[in-house]
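Coordinates as given in protein11.csv (CSV, C-alpha atoms):
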```csv
chain,number,residue,atom,x,y,z
A,1,MET,CA,61.3,-92.1,-5.8
A,2,SER,CA,61.7,-90.5,-9.2
A,3,ALA,CA,61.1,-86.9,-10.1
A,4,GLN,CA,58.1,-88.0,-12.2
A,5,GLU,CA,56.5,-89.7,-9.2
A,6,THR,CA,57.0,-86.6,-7.2
A,7,ASP,CA,55.4,-84.5,-9.9
A,8,SER,CA,52.3,-86.8,-9.9
A,9,ALA,CA,51.8,-85.9,-6.3
A,10,THR,CA,52.3,-82.2,-6.7
A,11,PRO,CA,48.8,-80.8,-6.1
A,12,PRO,CA,48.4,-82.1,-2.5
A,13,GLU,CA,52.0,-81.5,-1.8
A,14,ARG,CA,51.6,-77.8,-2.2
A,15,ASN,CA,51.7,-77.3,1.5
A,16,LEU,CA,55.1,-78.8,1.9
A,17,SER,CA,57.6,-76.2,2.8
A,18,ILE,CA,60.2,-78.3,1.0
A,19,THR,CA,60.5,-77.7,-2.7
A,20,THR,CA,58.8,-80.6,-4.5
A,21,GLY,CA,59.1,-79.4,-8.0
A,22,GLY,CA,60.9,-82.7,-8.8
A,23,SER,CA,64.0,-81.0,-10.1
A,24,PRO,CA,67.1,-82.9,-9.2
A,25,THR,CA,68.8,-79.6,-8.5
A,26,THR,CA,66.5,-78.4,-5.8
A,27,GLY,CA,69.4,-78.7,-3.4
A,28,THR,CA,70.7,-75.5,-4.8
A,29,ALA,CA,67.4,-73.6,-4.6
A,30,GLY,CA,68.7,-70.5,-2.7
A,31,GLN,CA,66.3,-69.6,0.1
A,32,THR,CA,67.2,-66.3,1.5
A,33,ASP,CA,65.0,-66.1,4.6
A,34,ARG,CA,67.5,-68.1,6.6
A,35,PRO,CA,70.4,-70.5,6.1
A,36,PRO,CA,69.7,-74.2,6.5
A,37,ARG,CA,70.7,-75.4,10.0
A,38,PRO,CA,69.3,-78.9,10.0
A,39,VAL,CA,71.6,-80.3,12.7
A,40,ARG,CA,71.0,-77.5,15.1
A,41,ASP,CA,67.2,-77.6,14.6
A,42,GLY,CA,67.2,-81.4,15.0
A,43,VAL,CA,69.4,-81.6,18.1
A,44,SER,CA,67.7,-78.8,19.9
A,45,LEU,CA,64.2,-80.1,19.3
A,46,GLY,CA,65.3,-83.7,20.0
A,47,LEU,CA,66.8,-82.8,23.4
A,48,ALA,CA,63.8,-80.6,24.4
A,49,VAL,CA,61.1,-83.1,23.5
A,50,GLY,CA,63.2,-86.1,24.4
A,51,VAL,CA,63.4,-85.0,28.0
A,52,SER,CA,59.7,-85.3,28.3
A,53,GLY,CA,60.2,-89.0,28.1
A,54,LEU,CA,60.7,-88.5,31.9
A,55,ALA,CA,57.0,-87.6,32.1
A,56,PHE,CA,56.0,-90.7,30.1
A,57,GLY,CA,58.2,-93.1,32.1
A,58,ALA,CA,56.8,-91.7,35.3
A,59,ALA,CA,53.2,-91.7,34.1
A,60,ALA,CA,53.6,-95.3,32.7
A,61,VAL,CA,54.9,-96.8,35.9
A,62,SER,CA,52.3,-94.9,38.1
A,63,SER,CA,49.7,-96.3,35.7
A,64,GLY,CA,50.7,-99.9,36.5
A,65,LEU,CA,53.0,-100.7,33.6
A,66,SER,CA,56.4,-102.2,34.6
A,67,VAL,CA,59.6,-100.3,34.0
A,68,TRP,CA,60.4,-102.7,31.1
A,69,GLN,CA,57.0,-102.3,29.5
A,70,ALA,CA,57.4,-98.5,29.6
A,71,CYS,CA,60.9,-98.9,28.0
A,72,ALA,CA,59.6,-101.3,25.4
A,73,LEU,CA,56.9,-98.8,24.3
A,74,SER,CA,59.5,-96.1,23.9
A,75,LEU,CA,61.9,-98.3,22.1
A,76,LEU,CA,59.4,-100.0,19.7
A,77,ALA,CA,56.3,-97.8,19.4
A,78,PHE,CA,58.2,-94.5,19.8
A,79,THR,CA,55.3,-92.2,19.4
A,80,GLY,CA,54.4,-90.3,22.6
A,81,ALA,CA,50.7,-89.8,22.4
A,82,SER,CA,50.0,-93.5,21.7
A,83,GLN,CA,52.3,-94.5,24.6
A,84,PHE,CA,50.5,-92.1,27.0
A,85,ALA,CA,47.1,-93.4,25.7
A,86,LEU,CA,47.9,-97.0,26.4
A,87,ALA,CA,49.2,-96.2,29.8
A,88,GLY,CA,46.1,-94.2,30.6
A,89,VAL,CA,43.8,-97.1,29.8
A,90,VAL,CA,46.0,-99.4,31.9
A,91,ALA,CA,45.8,-96.9,34.8
A,92,ALA,CA,42.0,-96.8,34.6
A,93,GLY,CA,41.8,-100.6,34.6
A,94,GLY,CA,40.2,-100.5,31.2
A,95,SER,CA,39.9,-103.0,28.3
A,96,LEU,CA,43.4,-103.7,27.0
A,97,LEU,CA,41.9,-104.3,23.6
A,98,ALA,CA,40.3,-100.9,23.5
A,99,GLY,CA,43.5,-99.3,24.9
A,100,THR,CA,45.6,-100.9,22.2
A,101,GLY,CA,43.1,-99.9,19.5
A,102,GLY,CA,43.0,-96.3,20.7
A,103,ALA,CA,46.8,-96.2,20.8
A,104,ILE,CA,47.2,-97.6,17.3
A,105,LEU,CA,44.5,-95.2,16.0
A,106,LEU,CA,46.4,-92.3,17.5
A,107,GLY,CA,49.5,-93.6,15.7
A,108,SER,CA,47.7,-93.6,12.4
A,109,ARG,CA,48.7,-89.9,11.9
A,110,ASN,CA,52.2,-91.1,11.5
A,111,CYS,CA,51.1,-92.7,8.3
A,112,LEU,CA,50.3,-89.3,6.9
A,113,TYR,CA,53.7,-88.0,8.0
A,114,GLY,CA,55.3,-91.0,6.3
A,115,LEU,CA,53.6,-90.1,3.0
A,116,ARG,CA,55.0,-86.7,3.2
A,117,LEU,CA,58.4,-87.7,4.3
A,118,SER,CA,58.8,-90.4,1.6
A,119,ALA,CA,58.8,-87.7,-1.0
A,120,VAL,CA,61.7,-85.9,0.6
A,121,LEU,CA,63.8,-88.8,2.1
A,122,GLN,CA,63.1,-91.3,-0.7
A,123,PRO,CA,63.9,-94.3,1.5
A,124,ARG,CA,64.6,-97.7,0.0
A,125,GLY,CA,65.3,-101.2,1.1
A,126,PRO,CA,66.5,-101.9,4.6
A,127,ARG,CA,67.0,-98.2,5.3
A,128,LYS,CA,63.3,-97.7,4.9
A,129,ALA,CA,62.7,-100.1,7.8
A,130,ALA,CA,64.9,-98.0,10.0
A,131,ILE,CA,63.6,-94.7,8.9
A,132,ALA,CA,60.0,-95.8,9.5
A,133,LEU,CA,60.6,-96.0,13.2
A,134,GLY,CA,61.5,-92.3,13.2
A,135,VAL,CA,58.4,-91.1,11.4
A,136,ILE,CA,56.7,-89.0,14.1
A,137,ASP,CA,55.4,-85.4,14.8
A,138,GLU,CA,58.8,-83.9,15.7
A,139,THR,CA,60.9,-85.4,13.0
A,140,THR,CA,58.3,-84.5,10.4
A,141,ALA,CA,58.2,-80.9,11.6
A,142,VAL,CA,61.9,-80.3,11.5
A,143,THR,CA,62.4,-82.2,8.3
A,144,LEU,CA,59.7,-80.4,6.3
A,145,ALA,CA,60.8,-77.0,7.7
A,146,GLN,CA,64.2,-77.3,5.8
A,147,PRO,CA,64.6,-75.3,2.6
A,148,ASP,CA,66.1,-78.1,0.5
A,149,PRO,CA,66.1,-81.9,0.3
A,150,ALA,CA,69.7,-82.3,1.4
A,151,SER,CA,69.2,-80.3,4.5
A,152,ALA,CA,65.9,-82.2,5.1
A,153,ARG,CA,67.7,-85.6,5.1
A,154,VAL,CA,70.3,-84.3,7.5
A,155,ALA,CA,67.6,-82.8,9.7
A,156,PHE,CA,65.6,-86.0,9.8
A,157,THR,CA,68.6,-88.0,10.9
A,158,ALA,CA,69.7,-85.5,13.5
A,159,THR,CA,66.2,-85.2,15.0
A,160,PHE,CA,65.5,-88.9,15.0
A,161,TRP,CA,68.7,-90.0,16.7
A,162,CYS,CA,68.8,-87.2,19.2
A,163,LEU,CA,65.2,-87.6,20.1
A,164,TYR,CA,65.3,-91.4,20.1
A,165,VAL,CA,68.2,-91.7,22.4
A,166,THR,CA,67.0,-88.9,24.8
A,167,TRP,CA,63.4,-90.1,24.8
A,168,ASN,CA,64.4,-93.7,25.7
A,169,LEU,CA,66.9,-92.7,28.4
A,170,ALA,CA,64.4,-90.3,29.9
A,171,THR,CA,61.7,-93.0,29.8
A,172,LEU,CA,64.0,-95.3,31.8
A,173,GLY,CA,64.8,-92.5,34.2
A,174,GLY,CA,61.2,-91.5,34.7
A,175,ALA,CA,60.1,-95.1,35.1
A,176,LEU,CA,62.8,-95.9,37.7
A,177,GLY,CA,62.1,-92.6,39.5
A,178,ALA,CA,58.3,-93.0,39.7
A,179,GLY,CA,58.8,-96.6,41.0
A,180,GLN,CA,60.5,-95.1,44.0
A,181,LEU,CA,57.5,-92.9,44.8
A,182,ALA,CA,55.1,-94.1,47.4
A,183,SER,CA,52.2,-92.1,46.0
A,184,PRO,CA,52.5,-90.8,42.4
A,185,GLN,CA,49.4,-88.7,42.9
A,186,ALA,CA,51.1,-86.7,45.6
A,187,PHE,CA,53.5,-85.5,42.9
A,188,GLY,CA,50.6,-84.7,40.6
A,189,LEU,CA,51.6,-87.4,38.1
A,190,ASP,CA,47.9,-88.1,37.3
A,191,VAL,CA,47.8,-84.7,35.6
A,192,VAL,CA,50.9,-85.3,33.5
A,193,ALA,CA,49.2,-87.2,30.6
A,194,PRO,CA,46.2,-85.0,30.2
A,195,ALA,CA,48.4,-81.9,30.2
A,196,ALA,CA,50.7,-83.5,27.6
A,197,PHE,CA,47.7,-84.3,25.4
A,198,LEU,CA,46.4,-80.8,25.6
A,199,ALA,CA,49.9,-79.4,24.8
A,200,LEU,CA,50.2,-81.7,21.8
A,201,ILE,CA,47.0,-80.4,20.2
A,202,TRP,CA,47.3,-76.8,21.4
A,203,PRO,CA,48.9,-75.4,18.3
A,204,ARG,CA,46.2,-77.0,16.2
A,205,LEU,CA,43.4,-75.6,18.4
A,206,LYS,CA,44.9,-72.1,17.9
A,207,THR,CA,44.9,-72.4,14.1
A,208,GLY,CA,41.4,-73.4,13.3
A,209,ARG,CA,37.8,-73.2,14.3
A,210,ALA,CA,37.1,-76.6,12.8
A,211,GLU,CA,39.9,-78.1,15.0
A,212,ARG,CA,38.4,-76.5,18.1
A,213,LEU,CA,34.9,-77.9,17.2
A,214,VAL,CA,36.3,-81.4,16.6
A,215,ALA,CA,38.2,-81.3,19.9
A,216,LEU,CA,35.1,-80.3,21.8
A,217,ALA,CA,33.0,-82.8,20.0
A,218,GLY,CA,35.6,-85.6,20.6
A,219,ALA,CA,35.7,-84.8,24.3
A,220,ALA,CA,31.9,-84.6,24.5
A,221,VAL,CA,31.5,-88.0,22.8
A,222,ALA,CA,34.0,-89.6,25.0
A,223,LEU,CA,32.6,-88.2,28.3
A,224,ALA,CA,29.0,-88.9,27.3
A,225,SER,CA,29.8,-92.6,26.6
A,226,THR,CA,32.2,-93.1,29.6
A,227,SER,CA,29.7,-94.5,32.0
A,228,VAL,CA,28.2,-97.0,29.5
A,229,LEU,CA,31.2,-98.3,27.5
A,230,PRO,CA,34.3,-100.1,28.7
A,231,VAL,CA,37.2,-97.9,29.5
A,232,GLY,CA,39.2,-97.0,26.3
A,233,VAL,CA,36.3,-97.4,23.9
A,234,PRO,CA,34.9,-93.9,24.4
A,235,VAL,CA,38.2,-92.5,23.2
A,236,ILE,CA,38.0,-94.6,20.0
A,237,LEU,CA,34.4,-93.5,19.5
A,238,ALA,CA,35.7,-89.9,19.6
A,239,ALA,CA,37.3,-90.5,16.2
A,240,SER,CA,33.8,-90.1,14.9
A,241,ALA,CA,34.2,-86.4,15.6
A,242,ALA,CA,37.2,-86.3,13.3
A,243,LEU,CA,35.2,-88.2,10.6
A,244,ALA,CA,32.4,-85.7,10.9
A,245,GLY,CA,34.8,-82.9,10.6
A,246,ALA,CA,36.5,-84.3,7.5
A,247,LEU,CA,33.2,-85.0,5.8
A,248,ALA,CA,31.8,-81.6,6.6
A,249,ALA,CA,34.9,-79.8,5.2
A,250,PRO,CA,37.6,-81.7,3.4
A,251,ALA,CA,41.1,-80.3,3.6
A,252,ALA,CA,40.9,-76.6,2.8
A,253,GLN,CA,43.1,-76.0,-0.2
A,254,SER,CA,42.8,-72.3,0.3
A,255,SER,CA,44.7,-72.2,3.6
A,256,PRO,CA,48.3,-72.6,3.0
A,257,GLY,CA,48.9,-70.8,6.3
A,258,SER,CA,47.8,-74.0,8.1
A,259,PRO,CA,49.6,-76.7,6.2
A,260,ALA,CA,47.6,-79.9,6.0
A,261,GLY,CA,49.1,-82.6,8.2
A,262,LYS,CA,51.3,-80.1,9.9
A,263,PRO,CA,52.5,-81.9,12.9
A,264,SER,CA,51.0,-80.8,16.2
A,265,GLY,CA,53.7,-79.1,18.2
A,266,ALA,CA,55.4,-77.7,15.2
A,267,ASP,CA,54.2,-74.2,16.1
A,268,SER,CA,55.3,-74.4,19.6
A,269,THR,CA,58.9,-75.0,19.0
B,270,MET,CA,53.3,-113.5,28.6
B,271,SER,CA,50.9,-111.2,30.4
B,272,ALA,CA,48.0,-109.5,28.7
B,273,THR,CA,49.7,-106.2,29.4
B,274,TRP,CA,52.8,-107.2,27.5
B,275,ILE,CA,50.7,-108.4,24.6
B,276,ALA,CA,49.0,-105.0,24.6
B,277,VAL,CA,52.4,-103.2,24.7
B,278,LEU,CA,53.8,-105.3,21.8
B,279,VAL,CA,50.7,-105.1,19.6
B,280,THR,CA,50.6,-101.3,20.1
B,281,ALA,CA,54.3,-101.1,19.1
B,282,ALA,CA,53.7,-103.3,16.0
B,283,GLY,CA,50.6,-101.4,15.0
B,284,CYS,CA,52.2,-98.0,15.4
B,285,TYR,CA,55.3,-99.2,13.4
B,286,ALA,CA,53.1,-100.6,10.7
B,287,PHE,CA,51.4,-97.2,10.2
B,288,LYS,CA,54.7,-95.5,9.9
B,289,LEU,CA,56.0,-98.0,7.4
B,290,ALA,CA,52.8,-97.9,5.4
B,291,GLY,CA,53.1,-94.1,5.1
B,292,LEU,CA,56.6,-94.5,3.5
B,293,THR,CA,55.3,-97.2,1.3
B,294,VAL,CA,51.9,-96.4,-0.1
B,295,PRO,CA,51.5,-94.3,-3.3
B,296,GLN,CA,51.7,-90.6,-2.8
B,297,ARG,CA,48.4,-90.1,-4.6
B,298,ILE,CA,46.5,-91.2,-1.4
B,299,LEU,CA,47.2,-87.6,-0.3
B,300,ALA,CA,45.2,-86.4,-3.2
B,301,ASN,CA,42.0,-87.4,-1.5
B,302,GLN,CA,41.1,-84.3,0.5
B,303,ARG,CA,38.8,-86.1,2.9
B,304,VAL,CA,41.4,-88.8,3.7
B,305,LEU,CA,43.9,-86.0,4.3
B,306,ARG,CA,41.5,-84.1,6.5
B,307,PHE,CA,40.5,-87.1,8.5
B,308,ALA,CA,44.1,-88.0,9.2
B,309,GLU,CA,44.7,-84.4,10.3
B,310,LEU,CA,41.7,-84.4,12.7
B,311,VAL,CA,42.1,-87.8,14.2
B,312,PRO,CA,44.7,-86.8,16.7
B,313,VAL,CA,42.8,-83.6,17.6
B,314,ALA,CA,39.7,-85.6,18.4
B,315,LEU,CA,41.4,-88.5,20.2
B,316,LEU,CA,43.8,-86.4,22.3
B,317,ALA,CA,41.0,-84.1,23.4
B,318,ALA,CA,38.9,-87.1,24.3
B,319,LEU,CA,41.8,-88.7,26.2
B,320,ALA,CA,42.5,-85.5,28.1
B,321,ALA,CA,38.8,-85.1,29.0
B,322,VAL,CA,38.3,-88.7,30.2
B,323,GLN,CA,41.5,-88.7,32.2
B,324,ILE,CA,40.7,-85.4,33.9
B,325,ALA,CA,37.0,-86.0,34.6
B,326,ALA,CA,36.6,-89.8,35.0
B,327,ASN,CA,38.1,-92.6,37.0
B,328,GLY,CA,37.3,-95.8,35.2
B,329,GLN,CA,33.6,-95.6,34.2
B,330,ALA,CA,32.7,-93.2,37.0
B,331,PHE,CA,32.9,-89.4,36.8
B,332,ASP,CA,35.4,-88.2,39.3
B,333,LEU,CA,36.1,-84.5,39.5
B,334,ASP,CA,39.2,-84.3,41.7
B,335,PRO,CA,39.9,-80.6,42.6
B,336,ALA,CA,43.6,-80.9,42.5
B,337,ARG,CA,43.6,-82.6,39.2
B,338,LEU,CA,41.3,-80.0,37.7
B,339,ALA,CA,43.4,-77.2,39.1
B,340,GLY,CA,46.5,-78.8,37.6
B,341,PHE,CA,44.9,-79.1,34.2
B,342,GLY,CA,43.7,-75.4,34.5
B,343,ALA,CA,47.3,-74.4,35.3
B,344,ALA,CA,48.4,-76.3,32.1
B,345,ILE,CA,45.9,-74.2,30.1
B,346,VAL,CA,47.3,-71.0,31.6
B,347,ALA,CA,50.8,-72.1,30.8
B,348,LEU,CA,49.9,-72.9,27.2
B,349,ALA,CA,48.2,-69.6,26.8
B,350,LEU,CA,51.4,-68.0,28.0
B,351,ARG,CA,53.3,-69.9,25.3
B,352,ALA,CA,55.3,-72.0,27.8
B,353,PRO,CA,57.3,-74.8,26.3
B,354,PHE,CA,56.0,-78.4,26.5
B,355,LEU,CA,58.0,-79.5,29.5
B,356,VAL,CA,57.2,-76.4,31.5
B,357,VAL,CA,53.5,-77.0,30.8
B,358,ILE,CA,53.8,-80.5,32.2
B,359,ILE,CA,55.8,-79.4,35.3
B,360,VAL,CA,53.4,-76.6,36.1
B,361,ALA,CA,50.4,-78.9,35.8
B,362,ALA,CA,51.9,-81.6,38.1
B,363,ALA,CA,53.3,-79.1,40.6
B,364,THR,CA,50.0,-77.3,40.9
B,365,ALA,CA,48.2,-80.5,41.7
B,366,ALA,CA,51.0,-81.7,44.0
B,367,ALA,CA,51.0,-78.4,45.9
B,368,LEU,CA,47.2,-78.3,46.4
B,369,ARG,CA,47.4,-81.9,47.7
B,370,ALA,CA,50.4,-81.1,50.0
B,371,VAL,CA,48.5,-78.3,51.7
B,372,GLY,CA,45.4,-80.5,52.0
B,373,ILE,CA,43.1,-78.5,49.8
B,374,ALA,CA,42.3,-81.5,47.7
```

I need this file expressed as structure tokens, please.
Amino acid sequence: MSAQETDSATPPERNLSITTGGSPTTGTAGQTDRPPRPVRDGVSLGLAVGVSGLAFGAAAVSSGLSVWQACALSLLAFTGASQFALAGVVAAGGSLLAGTGGAILLGSRNCLYGLRLSAVLQPRGPRKAAIALGVIDETTAVTLAQPDPASARVAFTATFWCLYVTWNLATLGGALGAGQLASPQAFGLDVVAPAAFLALIWPRLKTGRAERLVALAGAAVALASTSVLPVGVPVILAASAALAGALAAPAAQSSPGSPAGKPSGADST
Amino acid sequence: MSATWIAVLVTAAGCYAFKLAGLTVPQRILANQRVLRFAELVPVALLAALAAVQIAANGQAFDLDPARLAGFGAAIVALALRAPFLVVIIVAAATAAALRAVGIA
């Protein structure tokens, strides 16, 4: 992407912590707060979050997915919340159509991250197809936290590879381990997914009242419709809470402290 | 191919398509503040809904299992104490497991 195109996107990009001025020399923009450490940032977050693939593998298999289905989700979908969501619907014996819809809807936030990352990574051709797989909460958080574009590219690559390998190995381990358990409930594995969901949105709940209201409304909508709609559909219906929230108050331009589209989890690391 | 496999592969394809679309569509989409806000709020609403349903329901029936509720409560406490992601998960599962082991729930 050219500097001109970046310039055209400047207003909404103001929340990016990356310099988006479009200058080809932004790599030399000296940030004094701290030196860039893209590899360290990426590897440490990648390892820490990747290990929680154990929780996904275990939850998936105790939900009734096979070991290979759990692994396929981690290899190909590679976005934790969607993976947990599909497993949850399978566990409840719900409509697979609704489960798939909910999982993909959850994955829609990665589209926003892709928009933001493309300004920094400027992916082209076949590389773009590979980079796309890595567009998730964690890679976005680490990449956009770097002070210059060069560090950002290194950070993306380090976070993606470290997290991808760890997440997939951990998924396999968790799936094989849970398969050996006679009763997953005895190990509390039925609490793993809900706890993971809460942990994912926790930083967002702390930053804004609107976020808390939307979360409460989403939960209320889903619970209120649980007994009358097929399993999985109430969760999709909860998106109406997000729609209401967005219509009530579009992205607040006056709150640079809570960057728009900031990946959940970014504050907790 | 089983229905579950189809669901797995369609989920993977759909999630990938959203990622690729984000890298591909024009940057000016971000200029629409309502689109931006909706995209920000979708995961908050959906993940809250998922957590609520999985904690309080079993299929279409409400099912308030004490051990599961306690485990979720422990997760909230751990989050409030700023525990890292994996610790939160382990605390939640261990709390539910411990209560079940001693026969409280």

| said: At a cut-off of 7 Å around the point (58.7, -94.3, 37.8) (file coordinates), what residues fall inside when counting all atoms listed in the file? I'd like the answer as a list in words. | reply: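 Applying the cut-off with all atoms listed in the file, one gets Gly57, Ala58, Val61, Ser62, Gly174, Ala175, Leu176, Gly177, Ala178, Gly179 and Gln180 of chain A.
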
| request: Taking (54.4, -104.8, 31.7) in the file's own coordinates, collect the residues within 9 Å, counting only C-alpha atoms, and hand them back as number ranges by chain. | output: A: 64-70, 72; B: 271-277

Report the closest atom pair, with its distance in Å rounded to one decimal, for each residue of chain A that has an atom no farther than 6 Å from chain B; count all atoms listed in the file, sort by chain and then rising residue number, and write it as a tab-separated table.
```
residue	atom	partner	partner_atom	distance
A:Ala9	CA	B:Arg297	CA	5.7
A:Pro12	CA	B:Ala300	CA	5.4
A:Leu76	CA	B:Ala281	CA	5.3
A:Ala77	CA	B:Ala281	CA	3.9
A:Ala92	CA	B:Gly328	CA	4.8
A:Thr100	CA	B:Thr280	CA	5.4
A:Ile104	CA	B:Cys284	CA	5.4
A:Leu106	CA	B:Pro312	CA	5.8
A:Gly107	CA	B:Cys284	CA	5.2
A:Ser108	CA	B:Phe287	CA	5.6
A:Arg109	CA	B:Ala308	CA	5.7
A:Asn110	CA	B:Lys288	CA	5.3
A:Cys111	CA	B:Gly291	CA	4.0
A:Leu112	CA	B:Gly291	CA	5.8
A:Gly114	CA	B:Gly291	CA	4.0
A:Leu115	CA	B:Gly291	CA	4.5
A:Ser118	CA	B:Leu292	CA	5.0
A:Ala132	CA	B:Leu289	CA	5.0
A:Val135	CA	B:Lys288	CA	5.9
A:Ala186	CA	B:Ala366	CA	5.3
A:Phe187	CA	B:Ala366	CA	4.7
A:Gly188	CA	B:Ala362	CA	4.2
A:Leu189	CA	B:Ala362	CA	5.8
A:Val191	CA	B:Ala362	CA	5.7
A:Val192	CA	B:Ile358	CA	5.8
A:Pro194	CA	B:Ala320	CA	4.3
A:Ala195	CA	B:Ala344	CA	5.9
A:Phe197	CA	B:Leu316	CA	5.4
A:Ile201	CA	B:Val313	CA	5.9
A:Val214	CA	B:Ala314	CA	5.7
A:Ala215	CA	B:Ala314	CA	4.8
A:Gly218	CA	B:Ala314	CA	4.7
A:Ala219	CA	B:Ala318	CA	3.9
A:Ala222	CA	B:Ala318	CA	5.5
A:Thr226	CA	B:Gln329	CA	5.4
A:Ser227	CA	B:Gln329	CA	4.6
A:Val235	CA	B:Ala318	CA	5.6
A:Ala238	CA	B:Leu315	CA	5.9
A:Ala239	CA	B:Val311	CA	5.9
A:Ala242	CA	B:Leu310	CA	4.9
A:Leu243	CA	B:Phe307	CA	5.8
A:Ala246	CA	B:Phe307	CA	5.0
A:Pro250	CA	B:Arg303	CA	4.6
A:Ala251	CA	B:Arg306	CA	4.8
A:Gly261	CA	B:Glu309	CA	5.2
```

Those same residues - C-alpha atoms - I'd like them written as a short mmCIF file (atom, residue, chain, number, x, y, z; two decimals), keeping the file's coordinate frame.
```cif
data_model
loop_
_atom_site.label_atom_id
_atom_site.label_comp_id
_atom_site.auth_asym_id
_atom_site.auth_seq_id
_atom_site.Cartn_x
_atom_site.Cartn_y
_atom_site.Cartn_z
CA ALA A 9 51.80 -85.90 -6.30
CA PRO A 12 48.40 -82.10 -2.50
CA LEU A 76 59.40 -100.00 19.70
CA ALA A 77 56.30 -97.80 19.40
CA ALA A 92 42.00 -96.80 34.60
CA THR A 100 45.60 -100.90 22.20
CA ILE A 104 47.20 -97.60 17.30
CA LEU A 106 46.40 -92.30 17.50
CA GLY A 107 49.50 -93.60 15.70
CA SER A 108 47.70 -93.60 12.40
CA ARG A 109 48.70 -89.90 11.90
CA ASN A 110 52.20 -91.10 11.50
CA CYS A 111 51.10 -92.70 8.30
CA LEU A 112 50.30 -89.30 6.90
CA GLY A 114 55.30 -91.00 6.30
CA LEU A 115 53.60 -90.10 3.00
CA SER A 118 58.80 -90.40 1.60
CA ALA A 132 60.00 -95.80 9.50
CA VAL A 135 58.40 -91.10 11.40
CA ALA A 186 51.10 -86.70 45.60
CA PHE A 187 53.50 -85.50 42.90
CA GLY A 188 50.60 -84.70 40.60
CA LEU A 189 51.60 -87.40 38.10
CA VAL A 191 47.80 -84.70 35.60
CA VAL A 192 50.90 -85.30 33.50
CA PRO A 194 46.20 -85.00 30.20
CA ALA A 195 48.40 -81.90 30.20
CA PHE A 197 47.70 -84.30 25.40
CA ILE A 201 47.00 -80.40 20.20
CA VAL A 214 36.30 -81.40 16.60
CA ALA A 215 38.20 -81.30 19.90
CA GLY A 218 35.60 -85.60 20.60
CA ALA A 219 35.70 -84.80 24.30
CA ALA A 222 34.00 -89.60 25.00
CA THR A 226 32.20 -93.10 29.60
CA SER A 227 29.70 -94.50 32.00
CA VAL A 235 38.20 -92.50 23.20
CA ALA A 238 35.70 -89.90 19.60
CA ALA A 239 37.30 -90.50 16.20
CA ALA A 242 37.20 -86.30 13.30
CA LEU A 243 35.20 -88.20 10.60
CA ALA A 246 36.50 -84.30 7.50
CA PRO A 250 37.60 -81.70 3.40
CA ALA A 251 41.10 -80.30 3.60
CA GLY A 261 49.10 -82.60 8.20
#
```

| query | Rounded to one decimal in Å, what is the spacing between CA of Val39 in chain A and CA of Ala158 in chain A? | reply |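 Calculated distance between CA of Val39 in chain A and CA of Ala158 in chain A is 5.6 Å.
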
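If you look at CA of Ser52 in chain A and CA of Met270 in chain B, they are 28.9 Å away from each other.
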
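Nearest to Thr79 in chain A of all the residues A:Val154, A:Leu213, A:Ala60, A:Ala103 is A:Ala103, counting only C-alpha atoms.
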
| said: As an exercise, work out the distance from CA of Cys162 in chain A to CA of Val43 in chain A in Å and give it to one decimal place. | reply: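 Spanning CA of Cys162 in chain A to CA of Val43 in chain A is a straight-line distance of 5.7 Å.
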
| request: Go through A:Ala193, A:Phe156, A:Ala55, A:Ala249 one by one, measure the shortest atom-to-atom distance of each to Arg209 in chain A using all atoms listed in the file, and give the residue with the smallest value. | output: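 Nearest candidate to Arg209 in chain A out of A:Ala193, A:Phe156, A:Ala55, A:Ala249: A:Ala249.
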
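For the choices A:Ala59, A:Leu181, A:Leu54, A:Ala48, the atom-to-atom distance to Val90 in chain A is smallest for A:Ala59 when using only C-alpha atoms.
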